[in-house]
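**Q** What follows is start02.txt, compact mmCIF, C-alpha atoms and all ligand atoms.
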```txt
# COMPACT_ATOMS: atom_id res chain seq x y z
CA MET A 1 -128.95 -96.08 25.20
CA ALA A 2 -129.02 -95.17 28.83
CA GLU A 3 -125.85 -93.20 28.27
CA ARG A 4 -127.44 -91.16 25.48
CA LYS A 5 -130.53 -90.55 27.54
CA ARG A 6 -128.44 -89.34 30.43
CA LYS A 7 -126.42 -87.03 28.18
CA ARG A 8 -129.60 -85.59 26.70
CA LYS A 9 -130.97 -85.08 30.15
CA ALA A 10 -127.81 -83.29 31.17
CA GLY A 11 -128.00 -81.18 28.02
CA VAL A 12 -131.55 -80.21 28.77
CA LEU A 13 -130.57 -79.38 32.32
CA LEU A 14 -127.69 -77.26 31.11
CA TRP A 15 -129.89 -75.33 28.72
CA PHE A 16 -132.45 -74.93 31.38
CA SER A 17 -129.90 -73.64 33.85
CA LEU A 18 -128.52 -71.30 31.21
CA LEU A 19 -131.98 -70.01 30.45
CA LEU A 20 -132.68 -69.55 34.15
CA LEU A 21 -129.47 -67.66 34.57
CA ILE A 22 -130.23 -65.41 31.64
CA SER A 23 -133.75 -64.82 32.90
CA LEU A 24 -132.49 -64.04 36.35
CA GLY A 25 -129.85 -61.77 34.87
CA LEU A 26 -132.45 -59.96 32.82
CA LEU A 27 -134.73 -59.71 35.81
CA PHE A 28 -132.02 -58.31 38.09
CA GLY A 29 -130.78 -56.06 35.34
CA ALA A 30 -134.25 -54.60 34.87
CA ALA A 31 -134.67 -54.15 38.60
CA TRP A 32 -131.30 -52.48 38.86
CA MET A 33 -132.08 -50.18 35.98
CA ARG A 34 -135.42 -49.32 37.54
CA ALA A 35 -133.70 -48.55 40.83
CA ALA A 36 -131.11 -46.44 39.04
CA GLU A 37 -133.90 -44.68 37.18
CA ALA A 38 -135.76 -44.01 40.42
CA GLU A 39 -132.62 -42.68 42.04
CA LYS A 40 -132.02 -40.41 39.06
CA GLU A 41 -135.58 -39.14 39.27
CA ALA A 42 -135.24 -38.52 42.98
CA LEU A 43 -132.00 -36.65 42.37
CA GLU A 44 -133.60 -34.57 39.66
CA ALA A 45 -136.55 -33.82 41.91
CA GLU A 46 -134.21 -32.77 44.67
CA LEU A 47 -132.23 -30.66 42.26
CA ALA A 48 -135.39 -28.95 41.07
CA LYS A 49 -136.46 -28.37 44.65
CA ASN A 50 -133.05 -26.93 45.50
CA ARG A 51 -133.17 -24.66 42.50
CA MET A 52 -136.58 -23.42 43.51
CA GLU A 53 -135.42 -22.77 47.08
CA LEU A 54 -132.37 -21.02 45.78
CA ALA A 55 -134.51 -18.84 43.57
CA ILE A 56 -136.80 -18.01 46.48
CA ARG A 57 -133.81 -17.26 48.68
CA ARG A 58 -132.30 -15.10 46.00
CA THR A 59 -135.54 -13.15 45.73
CA THR A 60 -135.82 -12.93 49.50
CA ASP A 61 -132.20 -11.80 49.75
CA ALA A 62 -132.76 -9.22 47.06
CA ARG A 63 -135.90 -8.01 48.76
CA ARG A 64 -134.17 -7.96 52.13
CA ALA A 65 -131.26 -6.03 50.66
CA ALA A 66 -133.69 -3.56 49.11
CA ILE A 67 -135.52 -3.16 52.41
CA MET A 68 -132.24 -2.69 54.30
CA LYS A 69 -131.07 -0.14 51.77
CA ALA A 70 -134.32 1.80 52.05
CA LYS A 71 -134.11 1.59 55.82
CA ALA A 72 -130.52 2.88 55.86
CA GLU A 73 -131.49 5.73 53.57
CA ALA A 74 -134.45 6.62 55.79
CA GLU A 75 -132.19 6.54 58.86
CA GLU A 76 -129.66 8.77 57.12
CA GLU A 77 -132.41 11.20 56.18
CA GLU A 78 -133.78 11.14 59.72
CA GLU A 79 -130.31 11.76 61.16
CA ALA A 80 -129.81 14.70 58.79
CA GLN A 81 -133.14 16.13 59.83
CA ARG A 82 -132.34 15.57 63.49
CA ILE A 83 -129.01 17.39 63.10
CA SER A 84 -130.58 20.36 61.35
CA ALA A 85 -133.40 20.42 63.92
CA LYS A 86 -130.77 20.35 66.67
CA ASP A 87 -128.86 23.20 65.01
CA ALA A 88 -132.05 25.19 64.72
CA PHE A 89 -132.89 24.42 68.34
CA LEU A 90 -129.45 25.48 69.53
CA ALA A 91 -129.60 28.70 67.55
CA ARG A 92 -133.11 29.41 68.81
CA ASN A 93 -131.99 28.39 72.25
CA ARG A 94 -129.17 30.91 72.33
CA GLU A 95 -131.24 33.65 70.76
CA GLU A 96 -134.04 33.16 73.26
CA LEU A 97 -131.83 32.66 76.27
CA LEU A 98 -130.25 36.02 75.57
CA MET A 99 -133.39 37.80 74.43
CA LEU A 100 -133.29 41.36 75.64
CA VAL A 101 -136.51 42.65 77.16
CA ASN A 102 -136.40 46.07 78.78
CA PRO A 103 -138.25 49.43 78.48
CA TRP A 104 -136.73 49.91 75.02
CA ASN A 105 -137.02 46.34 73.80
CA MET A 106 -140.55 44.99 73.88
CA LEU A 107 -141.24 41.29 73.98
CA PRO A 108 -141.94 40.04 70.44
CA GLU A 109 -145.70 39.71 70.08
CA GLU A 110 -145.59 36.16 68.79
CA TYR A 111 -143.23 35.03 71.52
CA GLU A 112 -144.45 31.99 73.42
CA PRO A 113 -142.09 30.59 76.01
CA HIS A 114 -141.93 26.88 76.78
CA VAL A 115 -142.67 26.88 80.48
CA VAL A 116 -143.17 24.11 83.00
CA GLU A 117 -144.89 24.18 86.36
CA ILE A 118 -142.41 24.35 89.21
CA GLY A 119 -144.80 24.27 92.16
CA ASP A 120 -146.79 26.86 94.13
CA GLY A 121 -148.65 27.74 90.93
CA MET A 122 -145.47 29.09 89.37
CA TYR A 123 -144.18 28.46 85.87
CA PHE A 124 -140.64 28.77 84.57
CA ASP A 125 -138.79 28.24 81.29
CA GLU A 126 -138.22 24.51 80.78
CA ARG A 127 -134.48 25.01 80.27
CA ALA A 128 -134.10 27.12 83.43
CA ALA A 129 -136.34 25.15 85.79
CA GLY A 130 -133.74 22.44 86.44
CA PRO A 131 -130.83 24.82 87.12
CA LEU A 132 -133.10 26.89 89.44
CA ALA A 133 -134.08 23.85 91.49
CA HIS A 134 -130.44 22.75 91.62
CA MET A 135 -129.31 26.21 92.79
CA LEU A 136 -131.93 26.45 95.54
CA ALA A 137 -131.18 22.91 96.70
CA ASP A 138 -127.46 23.63 96.93
CA ALA A 139 -128.17 26.82 98.90
CA LYS A 140 -130.35 24.81 101.27
CA LYS A 141 -127.48 22.37 101.85
CA GLU A 142 -125.59 25.33 103.32
CA GLY A 143 -128.53 26.36 105.49
CA ILE A 144 -129.68 29.12 103.13
CA ILE A 145 -133.41 29.22 102.50
CA ALA A 146 -134.05 31.15 99.29
CA VAL A 147 -137.69 31.31 98.27
CA PRO A 148 -138.74 31.80 94.64
CA ILE A 149 -141.83 34.01 94.60
CA SER A 150 -142.45 35.08 91.02
CA GLY A 151 -141.42 33.42 87.77
CA TYR A 152 -143.21 33.42 84.44
CA ARG A 153 -145.90 36.04 83.99
CA THR A 154 -148.44 36.22 81.20
CA MET A 155 -149.17 39.53 79.50
CA GLU A 156 -152.49 39.68 81.38
CA TYR A 157 -150.83 39.11 84.73
CA GLN A 158 -148.18 41.76 84.08
CA GLN A 159 -150.96 44.16 83.02
CA GLY A 160 -152.76 43.46 86.31
CA LEU A 161 -149.58 44.14 88.31
CA PHE A 162 -148.97 47.36 86.42
CA ASP A 163 -152.56 48.61 86.80
CA ASP A 164 -152.37 47.87 90.52
CA LYS A 165 -149.13 49.84 90.81
CA VAL A 166 -150.62 52.79 88.93
CA LEU A 167 -153.52 52.87 91.41
CA ARG A 168 -151.15 52.77 94.38
CA VAL A 169 -149.02 55.56 92.89
CA ARG A 170 -152.14 57.68 92.38
CA ALA A 171 -153.14 56.99 95.99
CA ASN A 172 -149.76 58.50 96.92
CA GLY A 173 -150.71 61.77 95.23
CA PHE A 174 -149.56 61.42 91.62
CA SER A 175 -151.87 62.65 88.89
CA GLU A 176 -153.51 60.37 86.36
CA GLU A 177 -151.02 61.61 83.72
CA GLU A 178 -147.93 61.19 85.92
CA ALA A 179 -148.90 57.87 87.50
CA PRO A 180 -148.03 55.44 84.65
CA ALA A 181 -144.48 56.80 84.29
CA GLU A 182 -144.00 56.71 88.05
CA ALA A 183 -145.40 53.17 88.28
CA ALA A 184 -143.07 52.03 85.47
CA LYS A 185 -140.05 52.82 87.65
CA GLU A 186 -140.89 49.79 89.79
CA VAL A 187 -143.23 47.59 87.77
CA ALA A 188 -142.39 46.91 84.17
CA VAL A 189 -144.84 48.11 81.56
CA PRO A 190 -146.62 45.06 80.08
CA GLY A 191 -144.52 43.68 77.23
CA THR A 192 -141.27 44.95 78.76
CA SER A 193 -140.94 42.59 81.74
CA GLU A 194 -138.50 39.78 81.35
CA HIS A 195 -140.73 37.75 83.64
CA GLN A 196 -142.82 37.38 80.49
CA LEU A 197 -139.89 35.49 78.96
CA GLY A 198 -140.20 32.83 81.65
CA LEU A 199 -136.46 33.22 82.33
CA ALA A 200 -136.57 35.58 85.31
CA MET A 201 -137.25 34.66 88.93
CA ASP A 202 -137.69 36.86 91.96
CA ILE A 203 -136.14 35.12 94.95
CA LEU A 204 -136.43 36.25 98.55
CA ASP A 205 -134.68 35.32 101.75
CA VAL A 206 -136.98 33.28 103.96
CA ASN A 207 -136.55 35.84 106.76
CA ASN A 208 -137.06 38.96 104.64
CA PRO A 209 -140.32 39.19 102.70
CA ASN A 210 -139.64 42.70 101.41
CA LEU A 211 -138.97 43.51 97.79
CA ASP A 212 -136.52 46.29 98.60
CA TRP A 213 -132.79 47.01 98.89
CA THR A 214 -132.60 45.41 102.37
CA GLN A 215 -132.61 42.09 100.51
CA GLN A 216 -128.99 42.61 99.52
CA TRP A 217 -127.76 41.90 103.04
CA SER A 218 -129.82 38.78 103.57
CA PRO A 219 -127.99 35.42 103.66
CA ALA A 220 -130.02 34.23 100.64
CA GLN A 221 -129.05 37.17 98.41
CA ARG A 222 -125.44 37.10 99.53
CA TRP A 223 -125.25 33.41 98.65
CA LEU A 224 -127.15 33.82 95.36
CA MET A 225 -125.09 36.81 94.19
CA GLU A 226 -121.93 34.82 94.81
CA HIS A 227 -123.08 31.54 93.28
CA CYS A 228 -125.91 32.17 90.79
CA SER A 229 -123.59 32.24 87.75
CA GLU A 230 -122.51 28.69 88.58
CA TYR A 231 -126.07 27.70 87.68
CA GLY A 232 -126.48 29.91 84.61
CA PHE A 233 -128.14 32.88 86.33
CA ILE A 234 -127.17 36.54 86.62
CA LEU A 235 -128.31 39.27 88.97
CA ARG A 236 -130.13 41.19 86.28
CA PHE A 237 -130.41 44.68 87.80
CA PRO A 238 -127.30 45.36 89.89
CA ASP A 239 -126.86 48.51 91.94
CA GLY A 240 -125.98 51.50 89.81
CA THR A 241 -127.11 50.12 86.45
CA GLU A 242 -130.54 51.78 86.27
CA GLU A 243 -129.50 53.94 83.31
CA GLN A 244 -128.74 50.89 81.19
CA THR A 245 -131.43 48.53 82.33
CA GLY A 246 -134.21 51.00 82.94
CA ILE A 247 -134.99 49.20 86.17
CA ILE A 248 -134.04 50.14 89.74
CA TYR A 249 -131.63 48.01 91.75
CA GLU A 250 -133.36 44.70 92.36
CA PRO A 251 -131.25 42.43 94.55
CA TRP A 252 -133.90 39.69 94.22
CA HIS A 253 -134.36 39.43 90.46
CA TYR A 254 -132.32 36.70 88.74
CA ARG A 255 -132.29 35.97 85.04
CA TYR A 256 -131.29 32.70 83.42
CA VAL A 257 -128.90 33.15 80.45
CA GLY A 258 -127.18 29.76 80.39
CA LEU A 259 -123.98 28.68 82.07
CA SER A 260 -121.27 30.04 79.78
CA VAL A 261 -122.85 33.47 79.28
CA ALA A 262 -123.66 33.80 83.00
CA LYS A 263 -120.00 33.19 83.79
CA GLU A 264 -118.81 35.64 81.13
CA ILE A 265 -121.20 38.38 82.29
CA THR A 266 -120.33 37.87 85.95
CA LYS A 267 -116.60 37.81 85.27
CA ALA A 268 -116.80 40.98 83.17
CA GLY A 269 -119.09 42.65 85.71
CA VAL A 270 -121.42 43.97 83.03
CA THR A 271 -125.16 44.11 82.48
CA LEU A 272 -126.94 42.00 79.88
CA GLU A 273 -127.40 45.19 77.87
CA GLU A 274 -123.66 45.83 77.85
CA TYR A 275 -122.89 42.20 77.09
CA LEU A 276 -125.18 42.34 74.06
CA GLY A 277 -123.70 45.66 73.00
CA LYS A 278 -126.96 47.46 73.65
CA GLY A 279 -126.04 49.21 76.88
ZN ZN B 1 -138.40 40.35 88.90
```
Would you mind writing the file out in structure tokens?

**A**
Amino acid sequence: MAERKRKRKAGVLLWFSLLLLISLGLLFGAAWMRAAEAEKEALEAELAKNRMELAIRRTTDARRAAIMKAKAEAEEEEEAQRISAKDAFLARNREELLMLVNPWNMLPEEYEPHVVEIGDGMYFDERAAGPLAHMLADAKKEGIIAVPISGYRTMEYQQGLFDDKVLRVRANGFSEEEAPAEAAKEVAVPGTSEHQLGLAMDILDVNNPNLDWTQQWSPAQRWLMEHCSEYGFILRFPDGTEEQTGIIYEPWHYRYVGLSVAKEITKAGVTLEEYLGKG
């Protein structure tokens, strides 16, 4: 009897244990599945997030590429414009640097030089101002004091100079009819002075204030005549060239034409008129 009871008890225990095991198994299984599910969801969420970021990046990259392309095109365009502007500037530069102004070639009416102030109330072409300062400084290093006295002149100023000369000529006995022609031998008729170009400078020796032929022997003129071409200048009205230039010998009047042309003109020993084939 006791044996049977014990066996039954053991049977019940066995069943119970089995049931417990199954329950536990089910419980753990469910938990594991839930964890796996959660992990899968998290992975999917991350995947979705990644996809979204990728899409954004792709759009950003595309936009950035488009911006860069537009920028490159704009730069290319700008460069092309800069090159053509530079070409135009160089052409204009050469044309203006060699512009012929004399009694037979009037200054173009619309001409407006780009001048800068160079001190003492004087103005000079912006391209020639630097070389002028350089030239005078180098002369000074050798003890030569060359003084610039007259650079750019406006039409009004040239007119004033001319009118003044006409009056002085008349005071010397010339008639009203003769005076302008006589005055024009020494002071350019307004519109025909290359001072109006802003490229001509009258330079005197510090010890000789006279605008006459005695200048040629002064240390300043001797130095300038020898060296001015090294700075892009020429002695514009050399002795014996009055027929071509229409202006008397002026050993103080220097014209900027740029370095290479100044050297060519000086080497050839010609006037600007001859150099330009208009002599
Ligand atoms: Zn002059």

**Q** How would you report the residues lying within 12 Å of ligand ZN 1 (chain B), as a PyMOL selection string, if you count all atoms listed in the file?

**A** chain A and resi 102+148-153+158+161+186-188+192-204+211-212+235-237+247-256

**Q** Would you mind reading off the distance between CA of Ala74 in chain A and CA of Arg57 in chain A, one decimal, in Å?

**A**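 Interatomic distance here is 24.9 Å.
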
**Q** Which residue out of A:Trp223, A:Trp15, A:Phe28, A:Tyr275 has the minimum interatomic distance to Lys140 in chain A when all atoms listed in the file are used?

**A**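 The closest residue to Lys140 in chain A is A:Trp223.
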
**Q** Could you give me, as a compact mmCIF listing (two decimals) with C-alpha atoms, in the frame of the given file, the residues within 10 Å of range 135-138 of chain A, counting only C-alpha atoms and dropping anything in the same chain fewer than 6 positions from it?

**A**
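As written to disk, part-v5.txt reads:
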```
# COMPACT_ATOMS: atom_id res chain seq x y z
CA ALA A 129 -136.34 25.15 85.79
CA ILE A 144 -129.68 29.12 103.13
CA ILE A 145 -133.41 29.22 102.50
CA ALA A 146 -134.05 31.15 99.29
CA VAL A 147 -137.69 31.31 98.27
CA PRO A 148 -138.74 31.80 94.64
CA ILE A 203 -136.14 35.12 94.95
CA ALA A 220 -130.02 34.23 100.64
CA LEU A 224 -127.15 33.82 95.36
CA HIS A 227 -123.08 31.54 93.28
CA CYS A 228 -125.91 32.17 90.79
CA SER A 229 -123.59 32.24 87.75
CA GLU A 230 -122.51 28.69 88.58
CA TYR A 231 -126.07 27.70 87.68
CA GLY A 232 -126.48 29.91 84.61
CA PHE A 233 -128.14 32.88 86.33
```

**Q** Rank nothing, just name the residue among A:Gly119, A:Pro238, A:Gly246, A:Gly160 nearest to Gly279 in chain A, using only C-alpha atoms.

**A**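 For Gly279 in chain A, the nearest of the candidates is A:Gly246.
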
**Q** Quick one, how far is CA of Leu19 in chain A from CA of Ala38 in chain A?

**A** 28.1 Å

**Q** Contacts of Glu96 in chain A at 12 Å or less, counting all atoms listed in the file, minus same-chain residues fewer than 2 places along, as a list in words?

**A**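 The residues satisfying every condition are Ala88, Phe89, Leu90, Ala91, Arg92, Asn93, Arg94, Leu98, Met99, Leu100, Val101, Leu107, Pro108, Tyr111, Glu112, Pro113, His114, Asp125, Arg127, Ala128, Glu194, Leu197, Gly198, Leu199, Tyr256, Val257 and Gly258 of chain A.
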
**Q** Quick one, how far is CA of Glu3 in chain A from CA of Leu18 in chain A?

**A**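 About the pair CA of Glu3 in chain A and CA of Leu18 in chain A: they are 22.3 Å apart.
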
**Q** Using all atoms listed in the file, can you tell me which of A:Lys185, A:Leu20, A:Trp213, A:Ala45 comes closest to Pro103 in chain A?

**A**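 For Pro103 in chain A, the nearest of the given residues is A:Lys185.
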
**Q** Show me, as a ChimeraX atom specification, the residues that have an atom within 7 Å of Glu273 in chain A when counting all atoms listed in the file, minus same-chain residues fewer than 4 positions from it.

**A** /A:244-245,277-279

**Q** As a PDB file with C-alpha atoms, in the coordinates of the input, please: the residues near Ser218 in chain A (cut-off 9 Å, only C-alpha atoms, same-chain neighbours under 4 positions excluded).

**A**
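And here is the file that came out, part16.pdb:
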```pdb
ATOM      1  CA  LEU A 204    -136.430  36.250  98.550  1.00  0.00           C
ATOM      2  CA  ASP A 205    -134.680  35.320 101.750  1.00  0.00           C
ATOM      3  CA  ASN A 207    -136.550  35.840 106.760  1.00  0.00           C
ATOM      4  CA  ASN A 208    -137.060  38.960 104.640  1.00  0.00           C
ATOM      5  CA  THR A 214    -132.600  45.410 102.370  1.00  0.00           C
ATOM      6  CA  ARG A 222    -125.440  37.100  99.530  1.00  0.00           C
ATOM      7  CA  TRP A 223    -125.250  33.410  98.650  1.00  0.00           C
TER       8      TRP A 223
END
```
